[in-house]
Structures are given as structure tokens and as C-alpha cells.
Amino acid sequence: MTVTRPLMGEPLPLDLLDTVWMENGSLRDVFDTPGALEGWLAEHEFSVDAPAREVREHLTEARESIRAFLAKEDDGEARLNAVLAHGTRNPRLVDGRPAIEDSVDGPAHLPGWKCAVELLDLLERKGDRIRKCANHECVLWYLDTTRNGSRRWHSMETCGNRAKAKRFQDRHA
């Protein structure tokens, strides 16, 4: 099942973070919706032969470790390294061509581990463009793809408009 979320289409690790968002003043986790975990996995082309409960547990662990790292929590790096410790990436030659072989502790670890690995790649390539929405009540993260790197909100239509409306009300109060 595919659930419409406020922000979709971000790079894999950020898309995982954005499976939790604020709705009517409380956190909503897309994985609480029946079938949404399977939908998210399919959307990202993961075919996992493991119980959904285990996959969700490891994916949630990866999501929260990525969030802790990006939010610069004291234990964020250690938590992310704990997720990364569940697998390895090995370059190989296959039929004379370069290939990458991922090996994880078990199939349930693969989606979360891959999100953590792709975060490292994203940090290396565009780490200065990973942003949390400037709305202090919003928990969404995005990759700023603007030319000058000035994007402040995950969406101008929602959080950006709220900020502009609040500034207007403050000026006219």
C-alpha cells in the first residue's frame, strides 16, 4: 500500500526519515499503516525475504540512527555505525566487469543498512545540502537542490507559507 506523505522522492536515506511527519500536532509513522511498509519497500525496489516485523524493526533502527546523526545528537555517530556494522560492501569482478556485492547479517537488515550506506555517499557528495525543515514543529528532511543553497522549508506551500503568515501577523499585531 502506498500512503501519500508530505514529502516524497528524496534520496533514499532522507526518504526513510520522511516516513515520520507531523500531522494535526502529533507524529505519524507511515509504517503504522497496514501494508505501507511493503509499499515503501517496493517503491525502493527492495525484495526482502524476512518477516515484516523484523524488517520494520531494523528499518526503524536505521531511521532513528540517521536522524540522531543528522541532528548531531551525542550518540548519533555510534548509532549509525551500529547499523552499518550489520553489513559490508565488497567490490568484485564479475565476468570481467566491476560489480559491488552487498552482504548483510540477515535479509531483514538489508533495507536499513542500505539506507545508512547511501547516507554516507550522500554526505560525501552533498553533505552541506542536507537540511531539516526550518519550521521548528516540522520533522522532515530534504536535499537542497536550489542553485544557491537557500531553501529553508521542505515545502513552500506548507511550512514556508506558515512562516510567512506568522511574520505578517507579528508585524500587524
# chains A, B, ... in the order shown; residues from 1 in each chain; ligands from 1
>>> select_by_dssp(residues="range 10-117 of chain A", states="strand (DSSP E or B)", output="ChimeraX atom specification")
/A:20-23,26-29,87-94,97-104
>>> write_last_selection(atoms="N, CA, C and O atoms", output="JSON list (two decimals), in the first residue's frame")
[["chain", "number", "residue", "atom", "x", "y", "z"],
["A", 20, "VAL", "N", 8.19, 9.58, 8.78],
["A", 20, "VAL", "CA", 7.58, 10.11, 10.01],
["A", 20, "VAL", "C", 7.40, 11.60, 9.79],
["A", 20, "VAL", "O", 8.31, 12.28, 9.33],
["A", 21, "TRP", "N", 6.21, 12.12, 10.11],
["A", 21, "TRP", "CA", 5.94, 13.54, 9.94],
["A", 21, "TRP", "C", 4.89, 13.97, 10.96],
["A", 21, "TRP", "O", 4.26, 13.15, 11.61],
["A", 22, "MET", "N", 4.75, 15.29, 11.07],
["A", 22, "MET", "CA", 3.74, 15.85, 11.97],
["A", 22, "MET", "C", 2.41, 15.94, 11.23],
["A", 22, "MET", "O", 2.35, 16.39, 10.10],
["A", 23, "GLU", "N", 1.35, 15.50, 11.91],
["A", 23, "GLU", "CA", 0.01, 15.59, 11.35],
["A", 23, "GLU", "C", -0.95, 15.92, 12.49],
["A", 23, "GLU", "O", -1.03, 15.18, 13.46],
["A", 26, "SER", "N", 0.64, 15.83, 16.04],
["A", 26, "SER", "CA", 1.31, 14.65, 16.58],
["A", 26, "SER", "C", 2.07, 13.92, 15.47],
["A", 26, "SER", "O", 1.80, 14.11, 14.28],
["A", 27, "LEU", "N", 3.04, 13.12, 15.89],
["A", 27, "LEU", "CA", 3.86, 12.39, 14.92],
["A", 27, "LEU", "C", 3.05, 11.27, 14.28],
["A", 27, "LEU", "O", 2.31, 10.57, 14.95],
["A", 28, "ARG", "N", 3.23, 11.11, 12.99],
["A", 28, "ARG", "CA", 2.61, 10.00, 12.26],
["A", 28, "ARG", "C", 3.72, 9.20, 11.61],
["A", 28, "ARG", "O", 4.62, 9.76, 10.99],
["A", 29, "ASP", "N", 3.66, 7.89, 11.77],
["A", 29, "ASP", "CA", 4.65, 6.98, 11.19],
["A", 29, "ASP", "C", 3.95, 6.18, 10.10],
["A", 29, "ASP", "O", 2.99, 5.45, 10.38],
["A", 87, "GLY", "N", 26.54, -4.99, 7.96],
["A", 87, "GLY", "CA", 26.81, -5.41, 6.58],
["A", 87, "GLY", "C", 28.14, -4.90, 6.08],
["A", 87, "GLY", "O", 28.83, -4.14, 6.75],
["A", 88, "THR", "N", 28.47, -5.37, 4.88],
["A", 88, "THR", "CA", 29.69, -4.93, 4.20],
["A", 88, "THR", "C", 29.39, -4.77, 2.72],
["A", 88, "THR", "O", 28.46, -5.38, 2.19],
["A", 89, "ARG", "N", 30.19, -3.96, 2.09],
["A", 89, "ARG", "CA", 30.09, -3.75, 0.64],
["A", 89, "ARG", "C", 31.44, -4.15, 0.06],
["A", 89, "ARG", "O", 32.48, -3.61, 0.45],
["A", 90, "ASN", "N", 31.41, -5.08, -0.89],
["A", 90, "ASN", "CA", 32.65, -5.62, -1.44],
["A", 90, "ASN", "C", 32.70, -5.43, -2.95],
["A", 90, "ASN", "O", 31.82, -5.93, -3.66],
["A", 91, "PRO", "N", 33.73, -4.75, -3.45],
["A", 91, "PRO", "CA", 33.89, -4.66, -4.90],
["A", 91, "PRO", "C", 34.39, -6.00, -5.44],
["A", 91, "PRO", "O", 35.17, -6.68, -4.79],
["A", 92, "ARG", "N", 33.91, -6.37, -6.59],
["A", 92, "ARG", "CA", 34.26, -7.64, -7.22],
["A", 92, "ARG", "C", 34.34, -7.45, -8.73],
["A", 92, "ARG", "O", 33.82, -6.48, -9.26],
["A", 93, "LEU", "N", 34.92, -8.43, -9.38],
["A", 93, "LEU", "CA", 34.83, -8.54, -10.83],
["A", 93, "LEU", "C", 33.91, -9.70, -11.13],
["A", 93, "LEU", "O", 34.05, -10.79, -10.59],
["A", 94, "VAL", "N", 32.94, -9.46, -11.98],
["A", 94, "VAL", "CA", 32.01, -10.50, -12.40],
["A", 94, "VAL", "C", 32.01, -10.50, -13.93],
["A", 94, "VAL", "O", 31.64, -9.49, -14.55],
["A", 97, "ARG", "N", 33.74, -7.58, -15.41],
["A", 97, "ARG", "CA", 33.18, -6.24, -15.19],
["A", 97, "ARG", "C", 33.11, -5.93, -13.71],
["A", 97, "ARG", "O", 32.83, -6.80, -12.90],
["A", 98, "PRO", "N", 33.34, -4.66, -13.33],
["A", 98, "PRO", "CA", 33.24, -4.29, -11.91],
["A", 98, "PRO", "C", 31.81, -4.45, -11.40],
["A", 98, "PRO", "O", 30.85, -4.15, -12.09],
["A", 99, "ALA", "N", 31.70, -4.94, -10.19],
["A", 99, "ALA", "CA", 30.41, -5.09, -9.54],
["A", 99, "ALA", "C", 30.59, -4.87, -8.04],
["A", 99, "ALA", "O", 31.69, -4.98, -7.52],
["A", 100, "ILE", "N", 29.51, -4.54, -7.39],
["A", 100, "ILE", "CA", 29.51, -4.36, -5.94],
["A", 100, "ILE", "C", 28.60, -5.43, -5.35],
["A", 100, "ILE", "O", 27.47, -5.61, -5.79],
["A", 101, "GLU", "N", 29.11, -6.12, -4.35],
["A", 101, "GLU", "CA", 28.32, -7.15, -3.66],
["A", 101, "GLU", "C", 28.08, -6.70, -2.23],
["A", 101, "GLU", "O", 29.02, -6.43, -1.49],
["A", 102, "ASP", "N", 26.80, -6.59, -1.87],
["A", 102, "ASP", "CA", 26.45, -6.24, -0.50],
["A", 102, "ASP", "C", 26.18, -7.51, 0.28],
["A", 102, "ASP", "O", 25.52, -8.43, -0.22],
["A", 103, "SER", "N", 26.70, -7.56, 1.47],
["A", 103, "SER", "CA", 26.49, -8.72, 2.34],
["A", 103, "SER", "C", 26.04, -8.20, 3.70],
["A", 103, "SER", "O", 26.70, -7.34, 4.29],
["A", 104, "VAL", "N", 24.89, -8.69, 4.18],
["A", 104, "VAL", "CA", 24.35, -8.24, 5.46],
["A", 104, "VAL", "C", 24.14, -9.43, 6.39],
["A", 104, "VAL", "O", 24.09, -10.59, 5.94]]
>>> select_by_dssp(residues="range 26-161 of chain A", states="alpha helix (DSSP H)", output="VMD selection string")
chain A and resid 36 to 43 52 to 70 76 to 84 110 to 126 161
>>> closest_residue(among="A:Glu137, A:Asp95, A:Asp144, A:Asp49", to="Asn24 in chain A", atoms="only C-alpha atoms")
A:Glu137
>>> residues_around(residues="Arg56 in chain A", least_positions_apart="3", cutoff="8 Å", atoms="only C-alpha atoms", output="list in words")
Phe31, Leu37, Ala52, Arg53, Leu59 and Thr60 of chain A
>>> residues_around(residues="range 113-125 of chain A", least_positions_apart="3", cutoff="8 Å", atoms="only C-alpha atoms", output="list in words")
Leu12, Pro13, Leu16, Leu59, Ala62, Ile66, Leu80, Val83, Leu84, His86, Gly87, Val104, His109, Leu110, Asp128 and Ile130 of chain A
>>> closest_residue(among="A:Pro111, A:Ser150, A:His58, A:Ser65", to="Ala42 in chain A", atoms="only C-alpha atoms")
A:Pro111
>>> atom_distance(atom1="CA of Leu41 in chain A", atom2="CA of Cys138 in chain A")
24.2 Å
